[in-house]
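Next up, coords00.cif (mmCIF, C-alpha atoms and all ligand atoms):
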data_run
loop_
_atom_site.label_atom_id
_atom_site.label_comp_id
_atom_site.auth_asym_id
_atom_site.auth_seq_id
_atom_site.Cartn_x
_atom_site.Cartn_y
_atom_site.Cartn_z
CA MET A 28 76.51 108.01 85.51
CA ALA A 29 79.09 106.34 87.72
CA LYS A 30 82.55 105.76 86.20
CA LYS A 31 85.55 103.79 87.32
CA ASN A 32 88.44 105.56 89.02
CA SER A 33 90.82 105.91 86.07
CA VAL A 34 93.98 105.92 88.21
CA LEU A 35 93.05 102.68 89.93
CA ARG A 36 91.85 101.17 86.66
CA GLN A 37 95.22 101.92 85.01
CA LEU A 38 97.10 100.41 87.94
CA VAL A 39 95.01 97.26 87.76
CA ALA A 40 95.41 97.05 83.98
CA LYS A 41 99.20 97.42 84.21
CA GLY A 42 99.45 94.89 87.02
CA THR A 43 100.55 95.52 90.58
CA TYR A 44 103.05 93.72 92.79
CA ASN A 45 100.27 91.60 94.28
CA THR A 46 98.62 90.72 91.00
CA ASP A 47 102.03 89.82 89.52
CA VAL A 48 102.79 87.59 92.49
CA THR A 49 99.48 85.82 92.00
CA SER A 50 99.57 85.53 88.22
CA LYS A 51 103.26 84.70 87.83
CA VAL A 52 104.80 83.33 91.02
CA LEU A 53 101.86 81.44 92.51
CA LYS A 54 100.79 80.18 89.09
CA ALA A 55 104.31 78.89 88.33
CA VAL A 56 104.34 77.10 91.70
CA ARG A 57 100.91 75.56 91.08
CA ASP A 58 101.89 74.42 87.58
CA TYR A 59 105.15 72.95 88.81
CA GLN A 60 103.54 71.25 91.79
CA SER A 61 100.83 69.67 89.65
CA SER A 62 103.45 67.89 87.53
CA HIS A 63 105.70 67.14 90.56
CA PRO A 64 103.25 66.34 93.36
CA GLN A 65 105.92 64.65 95.53
CA LYS A 66 108.27 67.61 95.49
CA LYS A 67 108.64 69.59 98.71
CA ILE A 68 108.22 73.29 97.98
CA PHE A 69 109.57 75.98 100.33
CA MET A 70 107.57 79.21 100.04
CA MET A 71 110.22 81.72 101.07
CA GLY A 72 109.37 84.90 99.20
CA TRP A 73 106.88 86.46 101.59
CA GLY A 74 107.05 88.56 104.73
CA TYR A 75 104.59 86.40 106.65
CA THR A 76 105.56 85.92 110.28
CA THR A 77 105.17 82.33 111.50
CA GLN A 78 105.76 82.38 115.25
CA PRO A 79 103.04 82.85 117.87
CA LEU A 80 102.35 86.00 119.84
CA SER A 81 104.14 86.15 123.19
CA PRO A 82 102.29 84.76 126.23
CA LEU A 83 102.19 88.29 127.71
CA VAL A 84 100.39 89.62 124.63
CA ILE A 85 98.00 86.67 124.61
CA GLN A 86 97.18 87.28 128.28
CA LYS A 87 96.38 90.93 127.50
CA LEU A 88 94.21 89.97 124.53
CA ILE A 89 92.22 87.54 126.70
CA GLN A 90 91.84 90.10 129.48
CA THR A 91 90.76 92.80 126.99
CA SER A 92 88.23 90.43 125.44
CA HIS A 93 86.75 89.79 128.89
CA ASN A 94 86.64 93.54 129.51
CA LEU A 95 84.81 94.07 126.23
CA GLY A 96 82.30 91.40 127.25
CA ASN A 97 81.48 93.13 130.50
CA LYS A 98 79.24 96.20 130.79
CA GLU A 99 81.37 97.72 133.57
CA THR A 100 84.67 97.49 131.66
CA TYR A 101 83.44 97.73 128.06
CA THR A 102 85.15 100.40 125.91
CA SER A 103 83.79 102.00 122.73
CA TYR A 104 85.71 104.16 120.23
CA GLU A 105 89.10 105.24 121.49
CA SER A 106 90.76 108.56 120.79
CA ILE A 107 91.22 108.57 117.00
CA SER A 108 94.95 109.25 117.22
CA GLY A 109 95.37 106.32 119.62
CA ASN A 110 94.88 105.17 123.19
CA LEU A 111 96.84 107.55 125.44
CA GLU A 112 98.43 104.73 127.45
CA LEU A 113 99.71 103.21 124.21
CA LYS A 114 101.03 106.56 123.04
CA HIS A 115 102.91 106.84 126.34
CA SER A 116 104.29 103.32 125.81
CA ILE A 117 105.53 104.37 122.35
CA GLN A 118 107.03 107.55 123.85
CA ASN A 119 108.84 105.49 126.52
CA TYR A 120 110.05 103.02 123.95
CA TYR A 121 111.67 105.85 121.93
CA LEU A 122 113.10 107.53 124.99
CA GLU A 123 114.42 104.47 126.80
CA THR A 124 115.77 102.51 123.85
CA LEU A 125 116.75 105.26 121.39
CA GLU A 126 117.05 108.42 123.52
CA VAL A 127 114.55 110.09 121.22
CA ASP A 128 112.13 112.42 122.96
CA LEU A 129 108.65 112.65 121.40
CA ASN A 130 105.44 114.37 122.52
CA SER A 131 102.40 112.14 122.66
CA SER A 132 100.65 114.64 120.34
CA GLU A 133 103.24 113.75 117.67
CA ILE A 134 102.25 110.05 117.69
CA PHE A 135 99.38 108.60 115.64
CA VAL A 136 98.45 104.95 116.10
CA ASN A 137 97.69 103.03 112.87
CA ASP A 138 96.55 99.58 111.83
CA GLY A 139 100.11 98.60 110.80
CA ALA A 140 102.47 100.58 108.61
CA GLN A 141 101.21 99.83 105.10
CA SER A 142 98.14 102.09 105.04
CA ALA A 143 99.97 104.98 106.70
CA LEU A 144 102.88 104.76 104.26
CA VAL A 145 100.50 105.29 101.37
CA ASP A 146 97.91 107.55 103.02
CA VAL A 147 100.43 110.02 104.40
CA LEU A 148 100.85 111.42 100.88
CA GLU A 149 97.45 113.07 101.45
CA LEU A 150 99.29 115.66 103.56
CA PHE A 151 101.06 116.98 100.48
CA GLU A 152 100.14 118.91 97.36
CA GLY A 153 99.57 116.79 94.24
CA SER A 154 102.29 118.71 92.39
CA ASN A 155 104.94 117.62 94.90
CA SER A 156 107.53 115.28 93.36
CA ILE A 157 108.21 111.94 95.04
CA ALA A 158 111.50 110.05 95.09
CA PHE A 159 112.36 106.53 96.16
CA GLN A 160 115.02 103.97 95.41
CA ASN A 161 115.01 101.39 92.66
CA PRO A 162 114.70 98.53 93.72
CA TRP A 163 111.72 99.78 95.71
CA TYR A 164 109.24 98.59 98.28
CA PRO A 165 106.13 98.19 96.06
CA ALA A 166 103.83 100.39 98.20
CA PHE A 167 106.04 103.41 97.44
CA LEU A 168 105.49 103.03 93.71
CA GLU A 169 101.85 102.00 93.83
CA GLY A 170 100.89 104.51 96.55
CA THR A 171 102.49 107.27 94.47
CA ALA A 172 100.46 106.17 91.44
CA LEU A 173 97.29 105.89 93.52
CA SER A 174 97.79 109.47 94.70
CA GLY A 175 97.38 110.53 91.05
CA ARG A 176 101.07 111.14 90.34
CA ASP A 177 102.22 109.54 87.12
CA LYS A 178 105.93 110.22 87.66
CA PHE A 179 108.49 109.64 90.35
CA ILE A 180 112.17 110.33 90.82
CA GLU A 181 114.23 107.18 90.81
CA LEU A 182 117.17 106.85 93.20
CA LYS A 183 119.35 104.17 91.69
CA CYS A 184 121.23 101.69 93.80
CA ASN A 185 122.95 98.43 93.02
CA ALA A 186 125.46 95.93 94.30
CA SER A 187 128.44 98.19 93.54
CA SER A 188 126.95 100.90 95.81
CA HIS A 189 126.00 98.24 98.41
CA PHE A 190 122.38 99.12 97.62
CA ILE A 191 122.76 102.58 99.16
CA PRO A 192 120.60 104.92 97.07
CA GLU A 193 122.07 108.02 95.52
CA LEU A 194 120.76 111.45 96.60
CA PRO A 195 118.12 112.85 94.23
CA LYS A 196 119.71 114.50 91.19
CA GLU A 197 116.65 116.69 90.63
CA LYS A 198 114.68 118.40 93.38
CA ALA A 199 112.54 115.89 95.25
CA ASP A 200 109.80 117.24 97.52
CA ILE A 201 109.02 113.93 99.23
CA ILE A 202 111.56 111.11 99.68
CA TYR A 203 110.60 107.62 100.79
CA LEU A 204 113.39 105.79 102.63
CA CYS A 205 113.12 102.30 104.09
CA PHE A 206 116.05 101.10 106.22
CA PRO A 207 116.82 98.31 106.95
CA ASN A 208 115.61 97.89 103.43
CA ASN A 209 113.02 95.60 101.99
CA PRO A 210 113.90 94.05 99.52
CA THR A 211 117.71 94.43 99.60
CA GLY A 212 118.40 94.12 103.35
CA ALA A 213 120.78 97.13 103.13
CA VAL A 214 121.21 99.59 106.01
CA LEU A 215 122.38 103.20 106.12
CA THR A 216 125.09 104.29 108.54
CA ARG A 217 124.55 107.45 110.56
CA ASP A 218 126.57 109.50 108.04
CA GLN A 219 124.74 108.06 105.04
CA LEU A 220 121.33 108.82 106.54
CA GLN A 221 122.50 112.25 107.70
CA ARG A 222 123.21 113.09 104.04
CA PHE A 223 119.53 112.52 103.23
CA VAL A 224 118.43 114.58 106.24
CA ASP A 225 120.75 117.42 105.18
CA TYR A 226 119.41 117.21 101.64
CA ALA A 227 115.83 117.39 102.92
CA ARG A 228 116.55 120.37 105.19
CA HIS A 229 118.36 122.18 102.41
CA HIS A 230 115.59 121.64 99.84
CA LYS A 231 112.68 121.86 102.33
CA SER A 232 111.71 118.31 101.40
CA VAL A 233 110.06 115.72 103.64
CA ILE A 234 111.46 112.22 104.22
CA ILE A 235 108.93 109.47 104.90
CA PHE A 236 111.02 106.99 106.84
CA ASP A 237 109.77 103.40 106.90
CA ALA A 238 111.24 102.07 110.16
CA VAL A 239 109.43 98.72 110.20
CA TYR A 240 112.67 96.70 110.49
CA THR A 241 114.77 98.94 112.75
CA ASN A 242 114.46 96.50 115.67
CA PHE A 243 116.32 93.90 113.60
CA ILE A 244 119.48 96.03 113.33
CA SER A 245 122.65 94.52 114.76
CA THR A 246 125.29 96.32 112.69
CA PRO A 247 126.94 99.02 114.82
CA ASN A 248 126.55 102.71 113.96
CA VAL A 249 123.24 102.19 112.19
CA PRO A 250 120.45 104.46 113.50
CA LYS A 251 117.23 102.81 114.68
CA SER A 252 115.14 105.91 114.25
CA ILE A 253 115.67 108.79 111.85
CA TYR A 254 115.18 111.12 114.82
CA GLU A 255 118.55 110.05 116.19
CA LEU A 256 119.99 112.35 113.51
CA GLU A 257 120.52 116.05 113.80
CA GLY A 258 117.71 118.10 112.27
CA ALA A 259 115.55 115.09 111.34
CA LYS A 260 112.51 116.32 113.27
CA GLU A 261 112.39 119.33 110.96
CA CYS A 262 112.06 117.18 107.88
CA ALA A 263 110.98 113.58 108.58
CA ILE A 264 107.88 111.54 109.27
CA GLU A 265 108.62 108.09 110.72
CA ILE A 266 106.31 105.10 110.32
CA HIS A 267 106.77 101.99 112.45
CA SER A 268 104.97 98.73 113.12
CA LEU A 269 104.81 95.80 115.51
CA SER A 270 104.16 93.42 112.59
CA LYS A 271 107.56 91.78 112.34
CA MET A 272 109.19 92.59 115.69
CA ALA A 273 106.22 91.25 117.73
CA ASN A 274 104.53 88.87 115.25
CA PHE A 275 101.63 91.34 114.90
CA THR A 276 101.15 90.87 111.13
CA GLY A 277 97.62 89.60 111.79
CA VAL A 278 96.89 91.76 114.84
CA ARG A 279 97.65 94.96 112.86
CA LEU A 280 99.22 97.76 114.85
CA GLY A 281 101.72 100.47 113.96
CA TRP A 282 102.28 104.19 114.37
CA THR A 283 103.21 107.37 112.57
CA VAL A 284 105.31 110.14 114.07
CA ILE A 285 104.74 113.68 112.76
CA PRO A 286 107.01 116.06 114.69
CA GLU A 287 105.58 119.42 115.74
CA ILE A 288 108.53 121.23 114.20
CA LEU A 289 108.11 119.48 110.85
CA ASN A 290 107.43 122.35 108.50
CA VAL A 291 106.81 122.45 104.80
CA SER A 292 107.14 125.64 102.77
CA ASP A 293 103.64 126.91 103.51
CA SER A 294 102.86 125.35 106.91
CA SER A 295 103.00 126.77 110.41
CA HIS A 296 104.23 125.11 113.62
CA GLY A 297 102.16 121.97 114.34
CA GLU A 298 99.92 122.48 111.32
CA LEU A 299 100.71 119.09 109.76
CA ILE A 300 99.71 117.39 113.04
CA GLN A 301 96.44 119.28 113.00
CA MET A 302 95.82 118.40 109.35
CA TRP A 303 96.55 114.70 109.97
CA THR A 304 94.26 114.70 113.03
CA ILE A 305 91.42 116.12 110.96
CA ARG A 306 92.12 113.81 108.03
CA ASN A 307 91.95 110.83 110.38
CA ALA A 308 88.71 112.05 111.90
CA ILE A 309 87.27 111.96 108.37
CA LYS A 310 88.83 108.73 107.13
CA PHE A 311 90.14 106.59 109.97
CA TRP A 312 88.53 106.15 113.33
CA GLY A 313 91.41 104.52 115.08
CA ALA A 314 92.98 101.11 115.53
CA SER A 315 91.12 98.25 117.22
CA ASN A 316 91.10 98.51 121.01
CA LEU A 317 92.17 94.84 121.24
CA ALA A 318 95.23 95.52 119.06
CA GLN A 319 96.08 98.65 121.04
CA GLN A 320 95.95 96.84 124.38
CA ALA A 321 98.10 94.06 122.92
CA ALA A 322 100.59 96.70 121.77
CA ILE A 323 100.81 98.17 125.29
CA SER A 324 101.94 94.72 126.46
CA ALA A 325 104.38 94.27 123.57
CA LEU A 326 106.06 97.59 124.43
CA SER A 327 106.28 96.96 128.20
CA GLU A 328 109.65 96.02 129.67
CA GLN A 329 108.88 92.27 129.51
CA GLY A 330 107.21 92.75 126.12
CA ARG A 331 110.32 94.34 124.66
CA GLN A 332 112.40 91.40 125.87
CA ASP A 333 109.93 89.07 124.15
CA CYS A 334 110.28 91.15 120.98
CA LYS A 335 114.04 90.73 121.19
CA SER A 336 113.61 86.93 121.39
CA ILE A 337 111.30 87.04 118.35
CA VAL A 338 113.83 89.10 116.37
CA ASP A 339 116.71 86.81 117.47
CA TYR A 340 114.75 83.78 116.29
CA TYR A 341 114.22 85.17 112.77
CA MET A 342 117.76 86.52 112.54
CA THR A 343 119.18 83.11 113.52
CA ASN A 344 117.12 81.73 110.63
CA ALA A 345 118.68 84.38 108.39
CA ARG A 346 122.23 83.60 109.49
CA LEU A 347 121.82 79.83 109.03
CA PHE A 348 120.09 80.16 105.69
CA ARG A 349 122.55 82.71 104.34
CA GLN A 350 125.48 80.44 105.31
CA ALA A 351 123.88 77.52 103.46
CA LEU A 352 123.23 79.62 100.36
CA GLU A 353 126.81 80.84 100.36
CA GLN A 354 128.09 77.30 100.80
CA ALA A 355 126.09 76.39 97.72
CA GLY A 356 128.14 78.97 95.85
CA LEU A 357 125.61 81.81 95.78
CA THR A 358 126.16 85.49 96.50
CA CYS A 359 123.90 86.96 99.19
CA TYR A 360 123.17 90.50 100.34
CA GLY A 361 121.15 91.40 103.43
CA GLY A 362 120.13 88.92 106.08
CA ASN A 363 122.15 90.80 108.74
CA ASP A 364 119.81 93.58 109.86
CA ASN A 365 116.43 92.36 108.67
CA PRO A 366 114.93 89.01 107.75
CA TYR A 367 115.41 89.31 103.97
CA ILE A 368 118.14 87.84 101.82
CA TRP A 369 118.69 89.48 98.46
CA LEU A 370 120.10 86.65 96.44
CA LYS A 371 122.18 87.29 93.34
CA ALA A 372 121.45 85.04 90.39
CA PRO A 373 124.52 83.18 89.14
CA ALA A 374 126.37 84.54 86.13
CA ASP A 375 124.05 86.80 84.16
CA TRP A 376 120.85 84.85 84.72
CA SER A 377 117.67 86.88 84.84
CA SER A 378 115.47 86.90 87.95
CA ASP A 379 112.94 84.73 86.11
CA THR A 380 115.51 82.10 85.03
CA PHE A 381 116.87 81.93 88.55
CA PHE A 382 113.36 81.73 90.04
CA HIS A 383 112.50 78.72 87.86
CA TYR A 384 115.89 77.12 88.47
CA LEU A 385 115.55 77.26 92.26
CA LEU A 386 111.93 76.07 92.12
CA SER A 387 112.71 73.09 89.92
CA THR A 388 115.91 72.02 91.70
CA VAL A 389 115.71 72.67 95.44
CA GLY A 390 112.06 73.71 95.57
CA ILE A 391 112.80 77.21 96.93
CA VAL A 392 110.29 79.88 95.92
CA GLY A 393 111.45 83.49 96.16
CA ILE A 394 110.10 86.71 94.66
CA PRO A 395 111.91 87.65 91.42
CA GLY A 396 113.90 90.82 92.06
CA ASN A 397 112.53 92.54 88.95
CA PHE A 398 109.15 92.74 90.73
CA PHE A 399 110.81 95.50 92.79
CA GLY A 400 112.01 97.57 89.83
CA SER A 401 114.53 97.33 86.99
CA GLN A 402 117.51 97.44 89.37
CA GLY A 403 116.23 94.24 90.97
CA GLU A 404 116.78 92.30 87.75
CA GLY A 405 119.13 89.38 88.36
CA PHE A 406 118.11 88.99 92.02
CA LEU A 407 115.59 87.07 94.11
CA ARG A 408 114.13 88.13 97.47
CA LEU A 409 113.94 85.47 100.16
CA SER A 410 112.36 85.87 103.58
CA THR A 411 113.59 84.12 106.72
CA LEU A 412 110.43 84.69 108.76
CA GLY A 413 109.66 80.97 108.48
CA ASP A 414 109.65 78.30 111.13
CA ARG A 415 113.08 76.96 112.17
CA GLY A 416 112.08 73.40 111.23
CA GLU A 417 111.33 74.56 107.69
CA ILE A 418 114.58 76.54 107.53
CA GLU A 419 116.54 73.45 108.64
CA GLU A 420 114.79 71.35 106.04
CA VAL A 421 115.58 73.78 103.24
CA ILE A 422 119.19 73.97 104.41
CA SER A 423 119.62 70.19 104.28
CA THR A 424 117.96 70.13 100.85
CA LEU A 425 120.46 72.76 99.71
CA GLU A 426 123.35 70.80 101.22
CA ARG A 427 122.28 67.60 99.50
CA PHE A 428 121.76 69.34 96.21
CA GLY A 429 124.62 71.84 96.42
CA ASP A 430 127.35 69.22 96.37
CA VAL A 431 125.99 67.35 93.44
CA GLY A 432 124.53 70.03 91.30
CA MET A 433 124.21 73.62 92.22
CA LYS A 434 127.88 74.56 92.23
CA LYS A 435 128.33 72.70 88.96
CA GLN A 436 125.33 74.46 87.43
CA ILE A 437 126.54 77.84 88.62
CA MET A 438 129.97 77.33 87.09
CA MET A 439 128.38 76.63 83.68
N1 LIG B 501 107.05 98.48 105.06
C1 LIG B 501 107.84 97.45 104.73
C2 LIG B 501 109.20 97.74 104.21
C3 LIG B 501 107.39 96.13 104.85
O1 LIG B 501 108.19 95.12 104.50
C4 LIG B 501 106.07 95.91 105.32
C5 LIG B 501 105.54 94.55 105.43
O2 LIG B 501 106.09 93.58 105.02
C6 LIG B 501 105.29 97.01 105.63
C7 LIG B 501 105.81 98.28 105.50
C8 LIG B 501 103.87 96.85 106.09
O3 LIG B 501 103.83 96.35 107.36
P1 LIG B 501 102.51 96.32 108.23
O4 LIG B 501 102.22 94.88 108.46
O5 LIG B 501 102.89 97.04 109.48
O6 LIG B 501 101.41 97.01 107.50
#

Would you write the structure of this file as structure tokens?
Ligand code: PLP
Amino acid sequence: MAKKNSVLRQLVAKGTYNTDVTSKVLKAVRDYQSSHPQKKIFMMGWGYTTQPLSPLVIQKLIQTSHNLGNKETYTSYESISGNLELKHSIQNYYLETLEVDLNSSEIFVNDGAQSALVDVLELFEGSNSIAFQNPWYPAFLEGTALSGRDKFIELKCNASSHFIPELPKEKADIIYLCFPNNPTGAVLTRDQLQRFVDYARHHKSVIIFDAVYTNFISTPNVPKSIYELEGAKECAIEIHSLSKMANFTGVRLGWTVIPEILNVSDSSHGELIQMWTIRNAIKFWGASNLAQQAAISALSEQGRQDCKSIVDYYMTNARLFRQALEQAGLTCYGGNDNPYIWLKAPADWSSDTFFHYLLSTVGIVGIPGNFFGSQGEGFLRLSTLGDRGEIEEVISTLERFGDVGMKKQIMM
């Protein structure tokens, strides 16, 4: 007799980030819009990119499609760990932009970062403890639960610590870190990240470093790869993606780095690479060859310049929007090194009160901060991955409203 997976069933019953967004945020917007059909609503909570792929990437996609349609140039399955030319492009990208030297055997190409961030837990024993910060990126919590673990170690962080998480107080075997951070926008300086690396080396823990936003960093002295730090290859797996830096959210392409010298207590040199290779051969037969060819273009010299223009576009959005929010009397965090603004609710308003207030006044829809854990209470996450025209419209709405109402309301 078939039975439901009890872990997944419990997660569904409790509600996940995505189900909460649908049942609370989207429902509230629908309800509001049905009674205010004329009102302009700005959907600013989500990490959806809005700008087109670069012409270089488009050209490569067209050429690859033609190749796939031709018997002489058709390609079937690629190497499961990724097309070798792409792995070399990733290697060059690390070496030329970050001075980080990787072997191609240490690189595994994925369909974006999300699946790898969750699946990589399969490398580790079920009894291993997992730590991550509160407020968290939802996949860390839900992936941990999906792996059958009913507990996690919470690394608290809040405005007074500039959203820099504390080191684990109890022994953590696996530590998820995401910097620049989603949702708070915080970054770690070299010294702050080194403390986590030193902790991991000392306790023989593994850091899973979510590097999806490292290309957005502009603050000096902030590392763009964990491997810039001394000893990190002994203790860290890094997961990256072209989703935001190259507008690949729909194309789906990312990578995982597992260093050869990454050792856990009972592993030998290179064993985790071998285990991940075999796991992928069972469960994942590689990223799409179209996406991989597109990624080769995105990581070429011209492609990297195009990525920089994409990042500059979204970060200009962030700067303009943050200024407008601050002029309206609000306190903002983030928006400097990734395209998220972590907006503090005025006075002691809850996330929910603030969410409804912004929706019903200026029509801005963010994600309530308490969706990211208890430490997110009193905040709202806003994304600046929108189109500039939309950002300008929301800014002028804020300006019109701010003078007449928002500041007054906030002072209440
Ligand atoms: N990690 C973080 C922190 C993210 O914000 C996202 C997407 O928004 C992901 C991972 C997943 O990205 P991908 O599109 O590469 O799967």

What gap, in Å, lies between CA of Gly396 (chain A) and CA of Ala158 (chain A)?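 CA of Ala158 (chain A) lies at a distance of 19.6 Å from CA of Gly396 (chain A).
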
As JSON, what would the box around region 345-358 of chain A look like: edges along x, y and z, 8 Å added on every side, centre and edge lengths in Å to one decimal?
{"center_x": 123.4, "center_y": 80.9, "center_z": 102.6, "size_x": 25.5, "size_y": 25.1, "size_z": 29.7}

Within 9 Å of ligand LIG 501 (chain B), which residues show up when you count only C-alpha atoms and all ligand atoms? List them as a VMD selection string, please. chain A and resid 73 to 75 137 to 144 164 to 166 205 to 210 237 to 240 266 to 271 275 to 282

So, with only C-alpha atoms as the atoms that count, which of A:Arg331, A:Trp376, A:Pro162, A:Phe399 lies closest to Lys183 (chain A)?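 Ranking A:Arg331, A:Trp376, A:Pro162, A:Phe399 by distance to Lys183 (chain A), first place goes to A:Pro162.
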
Suppose you want the space between CA of Glu419 (chain A) and CA of Thr388 (chain A); what is it in Å? 17.0 Å

Name the residues in contact with region 307-315 of chain A at a cut-off of 7 Å, using all atoms listed in the file, excluding same-chain residues fewer than 3 positions from it; report them as a PyMOL selection string. chain A and resi 105+107-109+136-138+303-304+318-319

Could you please take those selected residues and save C-alpha atoms as a PDB file, in the frame of the given file?
ATOM      1  CA  GLU A 105      89.100 105.240 121.490  1.00  0.00           C
ATOM      2  CA  ILE A 107      91.220 108.570 117.000  1.00  0.00           C
ATOM      3  CA  SER A 108      94.950 109.250 117.220  1.00  0.00           C
ATOM      4  CA  GLY A 109      95.370 106.320 119.620  1.00  0.00           C
ATOM      5  CA  VAL A 136      98.450 104.950 116.100  1.00  0.00           C
ATOM      6  CA  ASN A 137      97.690 103.030 112.870  1.00  0.00           C
ATOM      7  CA  ASP A 138      96.550  99.580 111.830  1.00  0.00           C
ATOM      8  CA  TRP A 303      96.550 114.700 109.970  1.00  0.00           C
ATOM      9  CA  THR A 304      94.260 114.700 113.030  1.00  0.00           C
ATOM     10  CA  ALA A 318      95.230  95.520 119.060  1.00  0.00           C
ATOM     11  CA  GLN A 319      96.080  98.650 121.040  1.00  0.00           C
TER      12      GLN A 319
END

Using all atoms listed in the file, the shortest atom-to-atom distance to Glu417 (chain A) among A:Glu181, A:Ile68, A:Leu194, A:Ala321 belongs to A:Ile68

Ranking A:Ser387, A:Ser294, A:Ser327, A:Ser252 by minimum distance to Arg217 (chain A) and counting all atoms listed in the file, which one comes first?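 Using all atoms listed in the file, the shortest distance to Arg217 (chain A) belongs to A:Ser252.
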
Of the listed residues A:Tyr101, A:Ser132, A:Met28, A:Val145, that which approaches Gly297 (chain A) most closely, counting all atoms listed in the file: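 Nearest candidate to Gly297 (chain A) out of A:Tyr101, A:Ser132, A:Met28, A:Val145: A:Ser132.
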
Give me the residues within 12 Å of Glu197 (chain A) as a PyMOL selection string, counting only C-alpha atoms and dropping any in the same chain fewer than 2 places off. chain A and resi 156-158+179-182+193-195+199-202+226+230+232

Next, dump the selected residues to file, keeping only C-alpha atoms, as a PDB file, in the coordinates of the input.
ATOM      1  CA  SER A 156     107.530 115.280  93.360  1.00  0.00           C
ATOM      2  CA  ILE A 157     108.210 111.940  95.040  1.00  0.00           C
ATOM      3  CA  ALA A 158     111.500 110.050  95.090  1.00  0.00           C
ATOM      4  CA  PHE A 179     108.490 109.640  90.350  1.00  0.00           C
ATOM      5  CA  ILE A 180     112.170 110.330  90.820  1.00  0.00           C
ATOM      6  CA  GLU A 181     114.230 107.180  90.810  1.00  0.00           C
ATOM      7  CA  LEU A 182     117.170 106.850  93.200  1.00  0.00           C
ATOM      8  CA  GLU A 193     122.070 108.020  95.520  1.00  0.00           C
ATOM      9  CA  LEU A 194     120.760 111.450  96.600  1.00  0.00           C
ATOM     10  CA  PRO A 195     118.120 112.850  94.230  1.00  0.00           C
ATOM     11  CA  ALA A 199     112.540 115.890  95.250  1.00  0.00           C
ATOM     12  CA  ASP A 200     109.800 117.240  97.520  1.00  0.00           C
ATOM     13  CA  ILE A 201     109.020 113.930  99.230  1.00  0.00           C
ATOM     14  CA  ILE A 202     111.560 111.110  99.680  1.00  0.00           C
ATOM     15  CA  TYR A 226     119.410 117.210 101.640  1.00  0.00           C
ATOM     16  CA  HIS A 230     115.590 121.640  99.840  1.00  0.00           C
ATOM     17  CA  SER A 232     111.710 118.310 101.400  1.00  0.00           C
TER      18      SER A 232
END

Excluding Val224 (chain A) and any residue of its chain fewer than 6 positions from it, enumerate the residues within 12 Å of it, using only C-alpha atoms, and give them as a list of chain:residue names.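 Residues meeting the cut-off are A:Leu194, A:Ile201, A:Ile202, A:Tyr203, A:Leu204, A:Arg217, A:Asp218, A:His230, A:Lys231, A:Ser232, A:Val233, A:Ile234, A:Ile235, A:Phe236, A:Ile253, A:Tyr254, A:Glu255, A:Leu256, A:Glu257, A:Gly258, A:Ala259, A:Lys260, A:Glu261, A:Cys262, A:Ala263, A:Ile264.
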
In Å and to one decimal, CA of Lys87 (chain A) is distant from CA of Leu412 (chain A) by 24.2 Å

Which is closest to Asn274 (chain A) among A:Val214, A:Ile85, A:Ile191, A:Cys184, if we use all atoms listed in the file?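 Using all atoms listed in the file, the shortest distance to Asn274 (chain A) belongs to A:Ile85.
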
Taking all atoms listed in the file into account, name the residue in A:Arg415, A:Asn365, A:Gly153, A:Asn290 that is nearest to Lys178 (chain A).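 Distance minimum relative to Lys178 (chain A) lands on A:Gly153.
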